[in-house]
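Raw contents of structure37.txt, compact mmCIF, C-alpha atoms and all ligand atoms:
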```
# COMPACT_ATOMS: atom_id res chain seq x y z
CA MET A 17 -69.17 -39.34 20.26
CA LYS A 18 -71.67 -37.77 17.89
CA ALA A 19 -70.98 -38.09 14.14
CA VAL A 20 -72.75 -37.11 10.91
CA ARG A 21 -72.75 -40.20 8.67
CA TYR A 22 -73.29 -40.73 4.99
CA VAL A 23 -75.39 -43.90 4.89
CA GLN A 24 -76.58 -44.52 1.35
CA ALA A 25 -76.88 -42.61 -1.93
CA GLY A 26 -80.00 -40.47 -2.05
CA ARG A 27 -80.65 -40.73 1.70
CA SER A 28 -80.23 -37.93 4.21
CA PRO A 29 -77.11 -38.19 6.37
CA GLU A 30 -77.71 -39.40 9.93
CA VAL A 31 -76.43 -38.06 13.23
CA VAL A 32 -75.37 -41.13 15.26
CA ASP A 33 -73.41 -42.07 18.37
CA LEU A 34 -70.08 -43.82 17.79
CA PRO A 35 -67.16 -44.77 20.04
CA ALA A 36 -64.35 -42.20 19.79
CA PRO A 37 -61.51 -43.64 17.67
CA THR A 38 -57.99 -44.25 18.95
CA PRO A 39 -55.01 -43.41 16.73
CA GLY A 40 -53.00 -46.34 15.39
CA PRO A 41 -49.26 -46.24 14.73
CA GLY A 42 -48.33 -43.20 12.62
CA GLN A 43 -51.79 -41.63 12.98
CA VAL A 44 -53.02 -38.51 14.76
CA LEU A 45 -56.28 -38.03 16.66
CA LEU A 46 -57.84 -34.63 16.05
CA ARG A 47 -60.36 -33.01 18.40
CA VAL A 48 -62.47 -31.35 15.74
CA ALA A 49 -63.22 -27.65 16.26
CA GLY A 50 -65.04 -27.10 12.98
CA ALA A 51 -66.01 -29.02 9.84
CA GLY A 52 -67.09 -26.99 6.81
CA VAL A 53 -70.20 -27.94 4.86
CA CYS A 54 -69.21 -28.08 1.19
CA HIS A 55 -71.52 -28.29 -1.80
CA SER A 56 -69.51 -31.34 -2.90
CA ASP A 57 -71.05 -33.20 0.06
CA LEU A 58 -74.39 -32.89 -1.74
CA HIS A 59 -72.83 -34.68 -4.73
CA VAL A 60 -71.49 -37.33 -2.30
CA ILE A 61 -74.91 -37.71 -0.66
CA ASP A 62 -76.89 -37.79 -3.92
CA HIS A 63 -74.67 -40.16 -5.91
CA ALA A 64 -72.91 -43.36 -4.88
CA LEU A 65 -69.40 -41.90 -5.22
CA PHE A 66 -67.88 -44.00 -2.43
CA PRO A 67 -68.77 -47.45 -1.09
CA GLY A 68 -69.98 -48.02 2.46
CA SER A 69 -70.94 -45.65 5.20
CA PHE A 70 -68.59 -43.02 6.62
CA THR A 71 -68.51 -39.79 8.61
CA LEU A 72 -68.85 -36.72 6.36
CA GLY A 73 -66.73 -33.56 6.53
CA HIS A 74 -63.68 -32.96 4.32
CA GLU A 75 -62.93 -29.38 5.41
CA ASN A 76 -61.59 -29.72 8.93
CA ALA A 77 -59.61 -27.97 11.62
CA GLY A 78 -59.11 -28.50 15.32
CA HIS A 79 -56.59 -29.45 17.98
CA ILE A 80 -54.39 -32.50 18.29
CA ALA A 81 -55.91 -34.79 20.94
CA ALA A 82 -53.42 -37.70 20.81
CA LEU A 83 -50.46 -38.94 18.81
CA GLY A 84 -50.26 -42.52 17.55
CA GLU A 85 -47.14 -44.59 18.18
CA GLY A 86 -44.11 -43.20 16.40
CA VAL A 87 -45.53 -39.74 15.66
CA THR A 88 -43.13 -36.99 16.72
CA GLY A 89 -42.78 -33.27 16.16
CA TRP A 90 -46.36 -32.42 17.19
CA LYS A 91 -47.95 -32.17 20.59
CA GLU A 92 -51.38 -32.40 22.14
CA GLY A 93 -53.28 -29.13 21.85
CA ASP A 94 -51.56 -27.90 18.65
CA ALA A 95 -54.09 -26.07 16.44
CA VAL A 96 -54.06 -27.51 12.92
CA ALA A 97 -55.92 -27.59 9.63
CA VAL A 98 -56.28 -30.99 8.00
CA TYR A 99 -55.06 -31.10 4.42
CA GLY A 100 -58.07 -32.77 2.76
CA PRO A 101 -56.99 -34.67 -0.38
CA TRP A 102 -55.28 -37.78 0.96
CA GLY A 103 -52.97 -39.30 -1.65
CA CYS A 104 -50.54 -42.18 -1.50
CA GLY A 105 -47.85 -39.85 -0.11
CA ARG A 106 -45.15 -41.40 -2.29
CA CYS A 107 -45.83 -40.66 -5.99
CA HIS A 108 -44.31 -37.71 -7.82
CA HIS A 109 -47.27 -35.36 -7.24
CA CYS A 110 -47.65 -36.38 -3.58
CA GLN A 111 -43.93 -35.78 -3.05
CA THR A 112 -44.38 -32.23 -4.35
CA SER A 113 -47.23 -31.81 -1.79
CA ALA A 114 -49.91 -31.93 -4.55
CA GLU A 115 -51.77 -34.96 -3.18
CA ASN A 116 -54.83 -33.56 -4.97
CA TYR A 117 -53.23 -34.98 -8.13
CA CYS A 118 -52.02 -38.29 -6.64
CA GLU A 119 -51.19 -40.73 -9.42
CA ALA A 120 -52.49 -43.66 -7.35
CA HIS A 121 -55.94 -42.12 -6.72
CA ALA A 122 -57.79 -44.87 -8.62
CA SER A 123 -56.41 -47.56 -6.31
CA LEU A 124 -56.90 -45.67 -3.02
CA PRO A 125 -59.87 -46.75 -0.87
CA ALA A 126 -60.90 -43.12 -0.21
CA MET A 127 -60.12 -39.64 -1.49
CA GLY A 128 -59.89 -38.21 2.02
CA GLY A 129 -61.65 -37.91 5.34
CA GLY A 130 -65.34 -37.36 4.55
CA LEU A 131 -64.73 -38.66 1.02
CA GLY A 132 -64.87 -42.42 1.56
CA ALA A 133 -63.01 -42.44 4.91
CA ASP A 134 -64.30 -41.02 8.21
CA GLY A 135 -64.17 -37.22 8.13
CA GLY A 136 -64.52 -34.31 10.55
CA MET A 137 -68.24 -34.01 11.24
CA ALA A 138 -67.70 -35.64 14.62
CA GLU A 139 -66.10 -34.83 17.93
CA TYR A 140 -62.90 -36.66 16.94
CA MET A 141 -61.31 -37.70 13.68
CA ILE A 142 -58.35 -39.85 12.71
CA VAL A 143 -55.79 -38.18 10.45
CA PRO A 144 -53.82 -41.05 8.87
CA SER A 145 -50.48 -39.24 8.82
CA PRO A 146 -48.99 -36.10 10.38
CA ARG A 147 -47.90 -35.07 6.86
CA LEU A 148 -51.56 -34.05 6.36
CA LEU A 149 -51.47 -31.44 9.14
CA VAL A 150 -50.77 -27.74 8.65
CA PRO A 151 -50.26 -25.49 11.70
CA LEU A 152 -52.88 -22.79 12.20
CA GLY A 153 -50.88 -20.39 14.34
CA LYS A 154 -53.25 -18.01 16.11
CA LEU A 155 -56.20 -18.53 13.76
CA ASP A 156 -59.51 -19.63 15.27
CA PRO A 157 -59.94 -23.25 14.05
CA VAL A 158 -63.70 -22.80 13.54
CA LYS A 159 -63.17 -19.90 11.13
CA ALA A 160 -60.10 -21.59 9.66
CA ALA A 161 -61.76 -24.89 8.69
CA PRO A 162 -63.06 -23.46 5.36
CA LEU A 163 -59.54 -22.39 4.43
CA SER A 164 -58.74 -26.05 3.73
CA ASP A 165 -61.20 -26.28 0.81
CA ALA A 166 -63.42 -23.21 0.27
CA ALA A 167 -60.26 -21.07 0.11
CA LEU A 168 -57.63 -23.61 -1.01
CA THR A 169 -59.57 -24.70 -4.10
CA PRO A 170 -60.05 -21.20 -5.58
CA TYR A 171 -56.50 -20.28 -4.52
CA HIS A 172 -55.14 -23.17 -6.59
CA ALA A 173 -57.28 -22.13 -9.60
CA ILE A 174 -56.33 -18.45 -9.26
CA LYS A 175 -52.63 -19.14 -8.81
CA ALA A 176 -52.51 -20.97 -12.14
CA ALA A 177 -54.33 -18.02 -13.75
CA LEU A 178 -52.03 -15.31 -12.36
CA PRO A 179 -50.19 -14.74 -15.69
CA TRP A 180 -53.56 -13.54 -17.13
CA LEU A 181 -54.51 -11.44 -14.11
CA VAL A 182 -52.40 -8.39 -14.94
CA PRO A 183 -53.34 -4.69 -14.65
CA GLY A 184 -56.17 -3.98 -17.08
CA ALA A 185 -57.39 -7.59 -17.04
CA ASP A 186 -60.97 -8.60 -16.32
CA VAL A 187 -61.89 -11.68 -14.31
CA VAL A 188 -65.39 -13.15 -14.10
CA VAL A 189 -66.28 -15.20 -11.01
CA VAL A 190 -69.44 -17.30 -11.24
CA GLY A 191 -71.12 -18.59 -8.04
CA ILE A 192 -70.54 -16.54 -4.89
CA GLY A 193 -71.09 -19.29 -2.32
CA GLY A 194 -68.54 -21.00 -0.09
CA LEU A 195 -65.78 -21.13 -2.70
CA GLY A 196 -66.80 -18.02 -4.63
CA HIS A 197 -66.83 -15.66 -1.65
CA MET A 198 -63.25 -16.74 -0.91
CA ALA A 199 -62.31 -16.38 -4.61
CA VAL A 200 -63.43 -12.73 -4.58
CA GLN A 201 -61.17 -12.00 -1.61
CA LEU A 202 -58.25 -13.99 -3.02
CA LEU A 203 -58.44 -12.14 -6.34
CA LYS A 204 -58.53 -8.80 -4.52
CA ALA A 205 -55.57 -9.79 -2.33
CA LEU A 206 -53.43 -11.21 -5.14
CA THR A 207 -54.25 -9.40 -8.37
CA PRO A 208 -55.04 -5.96 -9.84
CA ALA A 209 -57.68 -7.44 -12.19
CA ARG A 210 -61.15 -5.90 -12.38
CA LEU A 211 -63.59 -8.38 -10.85
CA ILE A 212 -67.08 -9.12 -12.19
CA ALA A 213 -69.02 -11.37 -9.80
CA CYS A 214 -71.97 -13.42 -11.05
CA ASP A 215 -74.71 -15.34 -9.28
CA ILE A 216 -78.44 -15.97 -9.67
CA ASP A 217 -79.10 -14.69 -6.13
CA ASP A 218 -78.97 -10.94 -5.45
CA ALA A 219 -78.01 -11.53 -1.80
CA LYS A 220 -74.87 -13.38 -2.97
CA LEU A 221 -74.11 -10.49 -5.32
CA ALA A 222 -74.45 -8.01 -2.45
CA HIS A 223 -72.00 -10.18 -0.50
CA ALA A 224 -69.57 -10.07 -3.44
CA ARG A 225 -69.74 -6.25 -3.55
CA GLN A 226 -69.13 -6.10 0.18
CA LEU A 227 -66.01 -8.25 -0.33
CA GLY A 228 -64.67 -5.95 -3.06
CA ALA A 229 -66.14 -7.08 -6.39
CA ASP A 230 -66.05 -4.19 -8.88
CA HIS A 231 -69.21 -5.23 -10.76
CA THR A 232 -71.96 -7.76 -10.17
CA VAL A 233 -74.24 -9.39 -12.72
CA ASN A 234 -77.31 -11.51 -12.00
CA THR A 235 -77.06 -14.40 -14.45
CA ARG A 236 -80.56 -15.85 -14.09
CA ASP A 237 -81.10 -14.85 -17.74
CA GLY A 238 -77.90 -16.24 -19.26
CA LYS A 239 -78.15 -14.48 -22.62
CA ARG A 240 -78.78 -11.05 -21.09
CA ALA A 241 -76.04 -11.62 -18.52
CA ALA A 242 -73.53 -12.46 -21.25
CA GLU A 243 -74.44 -9.24 -23.09
CA GLU A 244 -74.09 -7.23 -19.88
CA ILE A 245 -70.64 -8.72 -19.22
CA ARG A 246 -69.54 -8.25 -22.85
CA ALA A 247 -70.54 -4.59 -22.57
CA LEU A 248 -68.32 -4.26 -19.50
CA VAL A 249 -65.26 -6.05 -20.88
CA GLY A 250 -65.47 -4.81 -24.48
CA ALA A 251 -63.96 -6.45 -27.55
CA ARG A 252 -61.05 -7.93 -25.59
CA GLY A 253 -63.42 -10.11 -23.62
CA ALA A 254 -62.76 -11.34 -20.11
CA ASP A 255 -59.22 -12.60 -19.55
CA VAL A 256 -60.20 -15.21 -16.97
CA ALA A 257 -63.50 -16.87 -16.04
CA LEU A 258 -63.71 -18.96 -12.87
CA ASP A 259 -66.80 -21.15 -12.71
CA PHE A 260 -67.72 -22.26 -9.18
CA VAL A 261 -70.97 -23.86 -10.35
CA GLY A 262 -69.98 -25.87 -13.41
CA ALA A 263 -73.57 -26.33 -14.62
CA GLN A 264 -74.49 -26.05 -18.30
CA PRO A 265 -75.66 -22.41 -18.13
CA THR A 266 -72.53 -21.28 -16.27
CA VAL A 267 -70.07 -23.15 -18.49
CA ASP A 268 -71.86 -21.63 -21.51
CA LEU A 269 -71.71 -18.18 -19.93
CA CYS A 270 -67.96 -18.47 -19.34
CA ALA A 271 -67.36 -19.56 -22.94
CA ARG A 272 -69.41 -16.57 -24.19
CA VAL A 273 -67.66 -13.88 -22.17
CA VAL A 274 -63.96 -14.77 -22.38
CA GLY A 275 -61.84 -13.27 -25.13
CA ARG A 276 -59.03 -14.69 -27.21
CA ALA A 277 -55.94 -15.98 -25.39
CA SER A 278 -57.95 -16.22 -22.17
CA ARG A 279 -58.46 -18.88 -19.53
CA ILE A 280 -61.51 -20.70 -18.20
CA ALA A 281 -61.28 -22.73 -15.00
CA VAL A 282 -64.26 -24.96 -14.28
CA VAL A 283 -64.20 -25.77 -10.57
CA GLY A 284 -67.87 -26.53 -9.89
CA LEU A 285 -69.10 -30.09 -10.34
CA GLY A 286 -72.48 -29.18 -11.82
CA GLY A 287 -72.06 -31.57 -14.75
CA GLY A 288 -71.96 -28.94 -17.54
CA VAL A 289 -70.22 -29.76 -20.81
CA LEU A 290 -67.95 -27.30 -22.56
CA HIS A 291 -68.64 -27.54 -26.29
CA TYR A 292 -65.96 -26.67 -28.76
CA ALA A 293 -66.29 -25.29 -32.27
CA ALA A 294 -63.90 -23.11 -34.27
CA ASN A 295 -63.18 -19.94 -32.26
CA GLN A 296 -65.83 -20.88 -29.65
CA PRO A 297 -64.49 -20.64 -26.97
CA PRO A 298 -62.28 -18.07 -28.70
CA TYR A 299 -58.93 -19.15 -30.10
CA GLY A 300 -56.09 -19.20 -27.59
CA CYS A 301 -58.44 -19.87 -24.65
CA GLU A 302 -57.07 -22.39 -22.18
CA VAL A 303 -59.49 -24.53 -20.23
CA SER A 304 -58.57 -26.09 -16.91
CA VAL A 305 -60.34 -28.39 -14.50
CA PRO A 306 -58.52 -27.79 -11.24
CA TYR A 307 -59.12 -30.05 -8.28
CA TRP A 308 -58.60 -28.80 -4.70
CA GLY A 309 -54.97 -27.66 -4.05
CA SER A 310 -51.58 -28.68 -2.71
CA ARG A 311 -50.50 -28.73 0.91
CA THR A 312 -47.97 -25.99 0.17
CA GLU A 313 -50.82 -23.88 -1.22
CA LEU A 314 -52.79 -24.52 1.97
CA MET A 315 -49.85 -23.09 3.90
CA GLU A 316 -49.99 -20.01 1.65
CA VAL A 317 -53.75 -19.64 2.15
CA ILE A 318 -53.28 -19.87 5.93
CA ALA A 319 -50.54 -17.23 5.72
CA LEU A 320 -52.93 -14.91 3.85
CA ALA A 321 -55.58 -15.44 6.55
CA GLU A 322 -53.04 -14.84 9.31
CA ALA A 323 -52.09 -11.58 7.60
CA GLY A 324 -55.77 -10.57 7.70
CA ARG A 325 -56.07 -10.46 3.90
CA ILE A 326 -58.81 -13.11 3.63
CA HIS A 327 -61.40 -14.55 6.00
CA ALA A 328 -64.21 -17.04 5.69
CA ASP A 329 -67.66 -15.64 6.46
CA VAL A 330 -68.86 -18.47 8.65
CA GLU A 331 -72.31 -19.47 9.88
CA SER A 332 -71.76 -22.08 12.61
CA PHE A 333 -74.19 -24.81 13.69
CA PRO A 334 -74.10 -27.77 16.13
CA LEU A 335 -73.61 -31.29 14.67
CA ASP A 336 -77.24 -32.10 15.54
CA GLU A 337 -78.42 -29.61 12.92
CA ALA A 338 -76.42 -31.16 10.06
CA VAL A 339 -79.43 -32.44 8.11
CA GLY A 340 -81.11 -29.04 8.17
CA VAL A 341 -77.85 -27.31 7.22
CA TYR A 342 -77.46 -29.53 4.14
CA GLN A 343 -81.03 -28.66 3.19
CA ARG A 344 -80.26 -24.94 3.55
CA LEU A 345 -77.15 -25.36 1.40
CA ARG A 346 -79.20 -27.12 -1.26
CA GLU A 347 -81.67 -24.23 -1.26
CA GLY A 348 -78.89 -21.63 -1.49
CA ARG A 349 -79.64 -20.30 1.99
CA ILE A 350 -76.11 -20.27 3.43
CA HIS A 351 -74.21 -16.99 3.59
CA GLY A 352 -70.52 -17.73 2.97
CA ARG A 353 -69.73 -21.10 4.53
CA ALA A 354 -71.60 -23.20 7.07
CA VAL A 355 -69.35 -24.87 9.66
CA LEU A 356 -70.49 -27.64 12.00
CA VAL A 357 -69.09 -27.24 15.49
CA PRO A 358 -69.07 -30.37 17.70
P1 LIG B 1 -72.25 -23.21 -2.58
O1 LIG B 1 -73.55 -23.92 -2.61
O2 LIG B 1 -71.74 -22.67 -1.31
O3 LIG B 1 -72.26 -22.00 -3.65
C1 LIG B 1 -72.78 -22.12 -4.93
C2 LIG B 1 -73.16 -20.70 -5.42
O4 LIG B 1 -73.50 -20.77 -6.80
C3 LIG B 1 -74.37 -20.11 -4.69
O5 LIG B 1 -74.11 -18.77 -4.33
C4 LIG B 1 -75.49 -20.20 -5.74
O6 LIG B 1 -76.44 -19.14 -5.61
C5 LIG B 1 -74.68 -20.06 -7.02
N1 LIG B 1 -75.33 -20.65 -8.19
C6 LIG B 1 -76.02 -21.81 -8.27
N2 LIG B 1 -76.45 -22.01 -9.54
C7 LIG B 1 -76.01 -20.97 -10.26
C8 LIG B 1 -76.14 -20.61 -11.64
N3 LIG B 1 -76.79 -21.37 -12.52
N4 LIG B 1 -75.55 -19.46 -12.05
C9 LIG B 1 -74.86 -18.67 -11.18
N5 LIG B 1 -74.71 -18.97 -9.86
C10 LIG B 1 -75.29 -20.10 -9.41
O7 LIG B 1 -71.18 -24.25 -3.22
P2 LIG B 1 -69.60 -24.38 -2.93
O8 LIG B 1 -69.41 -25.19 -1.71
O9 LIG B 1 -68.97 -23.05 -3.08
O10 LIG B 1 -69.18 -25.32 -4.16
C11 LIG B 1 -69.27 -24.83 -5.49
C12 LIG B 1 -69.03 -25.96 -6.49
O11 LIG B 1 -67.66 -26.32 -6.47
C13 LIG B 1 -69.80 -27.25 -6.20
O12 LIG B 1 -70.18 -27.85 -7.44
C14 LIG B 1 -68.77 -28.11 -5.51
O13 LIG B 1 -69.06 -29.48 -5.63
C15 LIG B 1 -67.54 -27.73 -6.30
N6 LIG B 1 -66.24 -27.99 -5.66
C16 LIG B 1 -65.24 -28.36 -6.49
C17 LIG B 1 -63.96 -28.54 -5.98
C18 LIG B 1 -62.84 -28.91 -6.89
O14 LIG B 1 -61.75 -29.15 -6.40
N7 LIG B 1 -63.01 -28.93 -8.21
C19 LIG B 1 -63.73 -28.36 -4.61
C20 LIG B 1 -64.79 -27.95 -3.79
C21 LIG B 1 -66.04 -27.75 -4.33
ZN ZN B 2 -65.33 -29.53 -0.79
ZN ZN B 3 -49.66 -40.15 -4.65
```

What does the file become when written as structure tokens?
Ligand code: NAD
Ligand code: ZN
Ligand code: ZN
Amino acid sequence: MKAVRYVQAGRSPEVVDLPAPTPGPGQVLLRVAGAGVCHSDLHVIDHALFPGSFTLGHENAGHIAALGEGVTGWKEGDAVAVYGPWGCGRCHHCQTSAENYCEAHASLPAMGGGLGADGGMAEYMIVPSPRLLVPLGKLDPVKAAPLSDAALTPYHAIKAALPWLVPGADVVVVGIGGLGHMAVQLLKALTPARLIACDIDDAKLAHARQLGADHTVNTRDGKRAAEEIRALVGARGADVALDFVGAQPTVDLCARVVGRASRIAVVGLGGGVLHYAANQPPYGCEVSVPYWGSRTELMEVIALAEAGRIHADVESFPLDEAVGVYQRLREGRIHGRAVLVP
């Protein structure tokens, strides 16, 4: 089968031919329908985050192709999303379905398929346990693949911020790419807050407006953008800022526009540092660094998609084009989410 492999830090991934895997006891073989192309893959490709070579793709959905010995309750052909953060399955957080916060993460060989272990950018993928599968119902697995990260990650961040997102509240969303375009829809589906979408690319801002953002601000000039947002939100400041870039200018922007007793969630892995001085960010501001989401939350995200309240805007490509797709992502030339389709 064809697979897109991470080979070495700083080198382009390679499309190679591999034998299709067979599921061992307790495992499930997935026939991949779609594997989302996440900006985090660029961090994986650029830096030596995991040892060895492995198949990329941590945002996966497809159909069950075969069950390993002892696996019951599922059948061949079932449409499923793969829950991406693979924990130990036994610690307190894993038992509550929040494997994204597994206590044993430091001792695990991989953080998930495509994150140290073989992922979904291939015709087939091994899912190590059926506990990592979530049924997709009638959803198209190609369009549903991004739900498992591009939607789940902002959903987890937004759910924790719901107490702030009351009528009259303002929420700032920075970075309207794969995660951000889902965040806009999730906020519209779940909260009455007024939504100010920010990006450095006017096409992304147009996308945000199309998805229901109330205001858009181009943040290429950070100081001017902060003034523009402050003028919109007034003395109260923004109640919530969600940063899907996490670079220095965006972290700074979030700290400048939130008010007192607010919340900042830094989701993007852009390496920005949040500086603290008295009342900067303003007193009462909570800062969180959410990572991915729980399996239960993935079920909730899938339910929202099934109800037609959210959808991923997907550009699909064959596996062969993976290298070019990563380049387009790097250059900001993907609309919504790219999905590789074997
Ligand atoms: P993406 O490339 O699809 O989107 C990024 C968006 O940010 C683009 O629209 C781009 O124009 C915009 N942008 C870039 N620089 C900007 C700036 N300085 N100011 C404003 N906007 C800017 O990326 P994605 O797949 O949505 O991922 C977003 C970030 O979230 C990445 O850093 C990724 O690694 C991270 N991530 C984190 C988690 C987590 O659990 N914490 C999970 C998934 C992804
Ligand atoms: Zn990701
Ligand atoms: Zn665990």

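Between Gly50 (chain A) and the candidates A:Val357, A:Ile212, A:Val98, A:Leu83, the tightest atom-to-atom separation, counting all atoms listed in the file, involves A:Val357.
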
Separation of CA of Phe260 (chain A) from CA of Gly300 (chain A), in Å and rounded to one decimal: 22.0 Å

Would you please work out which residue, of A:Asp259, A:Asp134, A:Asp165, A:Glu115, is nearest to ligand ZN 2 (chain B) when using all atoms listed in the file?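 The shortest atom-to-atom distance to ligand ZN 2 (chain B) comes from A:Asp165.
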
What is the distance between CA of Val256 (chain A) and CA of Arg236 (chain A), in Å to one decimal?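 CA of Arg236 (chain A) lies at a distance of 20.6 Å from CA of Val256 (chain A).
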
Once you add 6 Å to each side, what are the centre and edge lengths of the axis-aligned box holding all listed atoms of ligand LIG 1 (chain B)? One decimal in Å, as JSON, if you can.
```
{"center_x": -69.3, "center_y": -24.1, "center_z": -6.9, "size_x": 27.0, "size_y": 22.8, "size_z": 23.2}
```

Taking a cut-off of 8 Å and counting all atoms listed in the file, can you build a table that, for each residue of chain A near ligand ZN 2 (chain B), reports the nearest atom pair and how far apart they are in Å (one decimal), sorted by chain then residue number, as a Markdown table?
```
| residue | atom | partner | partner_atom | distance |
| --- | --- | --- | --- | --- |
| A:Val53 | CA | B:ZN2 | ZN | 7.6 |
| A:Cys54 | CA | B:ZN2 | ZN | 4.6 |
| A:His55 | CA | B:ZN2 | ZN | 6.4 |
| A:Ser56 | CA | B:ZN2 | ZN | 5.0 |
| A:Asp57 | CA | B:ZN2 | ZN | 6.8 |
| A:His74 | CA | B:ZN2 | ZN | 6.4 |
| A:Glu75 | CA | B:ZN2 | ZN | 6.6 |
| A:Asp165 | CA | B:ZN2 | ZN | 5.5 |
| A:Ala166 | CA | B:ZN2 | ZN | 6.7 |
| A:Trp308 | CA | B:ZN2 | ZN | 7.8 |
```

So that each row is one residue of chain A with an atom at most 8 Å from ligand LIG 1 (chain B), can you give its shortest atom pair and the distance in Å to one decimal, using only C-alpha atoms and all ligand atoms, rows by chain and rising number, as a Markdown table?
```
| residue | atom | partner | partner_atom | distance |
| --- | --- | --- | --- | --- |
| A:Val53 | CA | B:LIG1 | O8 | 7.2 |
| A:Cys54 | CA | B:LIG1 | O8 | 4.1 |
| A:His55 | CA | B:LIG1 | O8 | 3.8 |
| A:Ser56 | CA | B:LIG1 | O13 | 3.3 |
| A:Asp57 | CA | B:LIG1 | O13 | 7.1 |
| A:Leu58 | CA | B:LIG1 | O13 | 7.4 |
| A:His59 | CA | B:LIG1 | O13 | 6.5 |
| A:Asp165 | CA | B:LIG1 | C20 | 6.1 |
| A:Ala166 | CA | B:LIG1 | C20 | 6.4 |
| A:Thr169 | CA | B:LIG1 | O14 | 5.5 |
| A:Val190 | CA | B:LIG1 | C9 | 5.6 |
| A:Gly191 | CA | B:LIG1 | O4 | 3.5 |
| A:Ile192 | CA | B:LIG1 | O5 | 4.2 |
| A:Gly193 | CA | B:LIG1 | O3 | 3.2 |
| A:Gly194 | CA | B:LIG1 | O9 | 3.7 |
| A:Leu195 | CA | B:LIG1 | O9 | 3.7 |
| A:Gly196 | CA | B:LIG1 | O9 | 5.7 |
| A:His197 | CA | B:LIG1 | O9 | 7.8 |
| A:Cys214 | CA | B:LIG1 | C9 | 6.0 |
| A:Asp215 | CA | B:LIG1 | N5 | 3.7 |
| A:Ile216 | CA | B:LIG1 | C9 | 4.7 |
| A:Asp217 | CA | B:LIG1 | O6 | 5.2 |
| A:Lys220 | CA | B:LIG1 | O5 | 5.6 |
| A:Asn234 | CA | B:LIG1 | C9 | 7.6 |
| A:Thr235 | CA | B:LIG1 | N4 | 5.8 |
| A:Arg236 | CA | B:LIG1 | N4 | 6.5 |
| A:Phe260 | CA | B:LIG1 | C11 | 4.8 |
| A:Val261 | CA | B:LIG1 | C12 | 4.8 |
| A:Gly262 | CA | B:LIG1 | O12 | 6.3 |
| A:Ala263 | CA | B:LIG1 | N3 | 6.3 |
| A:Gln264 | CA | B:LIG1 | N3 | 7.8 |
| A:Pro265 | CA | B:LIG1 | N3 | 5.8 |
| A:Thr266 | CA | B:LIG1 | N4 | 5.5 |
| A:Val282 | CA | B:LIG1 | N7 | 7.4 |
| A:Val283 | CA | B:LIG1 | N7 | 4.1 |
| A:Gly284 | CA | B:LIG1 | O11 | 3.4 |
| A:Leu285 | CA | B:LIG1 | O12 | 3.8 |
| A:Gly286 | CA | B:LIG1 | O12 | 5.1 |
| A:Val305 | CA | B:LIG1 | N7 | 6.9 |
| A:Pro306 | CA | B:LIG1 | N7 | 5.5 |
| A:Tyr307 | CA | B:LIG1 | O14 | 3.4 |
| A:Trp308 | CA | B:LIG1 | O14 | 3.6 |
| A:Gly309 | CA | B:LIG1 | O14 | 7.3 |
| A:Leu345 | CA | B:LIG1 | O1 | 5.6 |
| A:Arg346 | CA | B:LIG1 | O1 | 6.6 |
| A:Gly348 | CA | B:LIG1 | O6 | 5.4 |
| A:Ile350 | CA | B:LIG1 | O2 | 6.9 |
| A:His351 | CA | B:LIG1 | O2 | 7.9 |
| A:Gly352 | CA | B:LIG1 | O2 | 6.6 |
| A:Arg353 | CA | B:LIG1 | O2 | 6.4 |
```

Could region 281-290 of chain A be completed with N, CA and C atoms and written as a PDB file, in the coordinates of the input, please?
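The result, stored in selection-v7.pdb:
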```
ATOM      1  N   ALA A 281     -61.482 -21.636 -15.962  1.00  0.00           N
ATOM      2  CA  ALA A 281     -61.280 -22.730 -15.000  1.00  0.00           C
ATOM      3  C   ALA A 281     -62.654 -23.171 -14.503  1.00  0.00           C
ATOM      4  N   VAL A 282     -62.982 -24.428 -14.748  1.00  0.00           N
ATOM      5  CA  VAL A 282     -64.260 -24.960 -14.280  1.00  0.00           C
ATOM      6  C   VAL A 282     -63.985 -25.739 -12.990  1.00  0.00           C
ATOM      7  N   VAL A 283     -64.445 -25.168 -11.888  1.00  0.00           N
ATOM      8  CA  VAL A 283     -64.200 -25.770 -10.570  1.00  0.00           C
ATOM      9  C   VAL A 283     -65.451 -26.507 -10.088  1.00  0.00           C
ATOM     10  N   GLY A 284     -66.610 -25.937 -10.355  1.00  0.00           N
ATOM     11  CA  GLY A 284     -67.870 -26.530  -9.890  1.00  0.00           C
ATOM     12  C   GLY A 284     -68.142 -27.850 -10.572  1.00  0.00           C
ATOM     13  N   LEU A 285     -68.853 -28.726  -9.863  1.00  0.00           N
ATOM     14  CA  LEU A 285     -69.100 -30.090 -10.340  1.00  0.00           C
ATOM     15  C   LEU A 285     -70.537 -30.252 -10.816  1.00  0.00           C
ATOM     16  N   GLY A 286     -71.077 -29.182 -11.422  1.00  0.00           N
ATOM     17  CA  GLY A 286     -72.480 -29.180 -11.820  1.00  0.00           C
ATOM     18  C   GLY A 286     -72.805 -30.003 -13.043  1.00  0.00           C
ATOM     19  N   GLY A 287     -71.801 -30.633 -13.655  1.00  0.00           N
ATOM     20  CA  GLY A 287     -72.060 -31.570 -14.750  1.00  0.00           C
ATOM     21  C   GLY A 287     -72.209 -30.914 -16.119  1.00  0.00           C
ATOM     22  N   GLY A 288     -71.882 -29.616 -16.237  1.00  0.00           N
ATOM     23  CA  GLY A 288     -71.960 -28.940 -17.540  1.00  0.00           C
ATOM     24  C   GLY A 288     -70.894 -29.456 -18.491  1.00  0.00           C
ATOM     25  N   VAL A 289     -71.164 -29.319 -19.778  1.00  0.00           N
ATOM     26  CA  VAL A 289     -70.220 -29.760 -20.810  1.00  0.00           C
ATOM     27  C   VAL A 289     -69.763 -28.539 -21.588  1.00  0.00           C
ATOM     28  N   LEU A 290     -68.471 -28.415 -21.775  1.00  0.00           N
ATOM     29  CA  LEU A 290     -67.950 -27.300 -22.560  1.00  0.00           C
ATOM     30  C   LEU A 290     -67.830 -27.768 -24.012  1.00  0.00           C
TER      31      LEU A 290
END
```
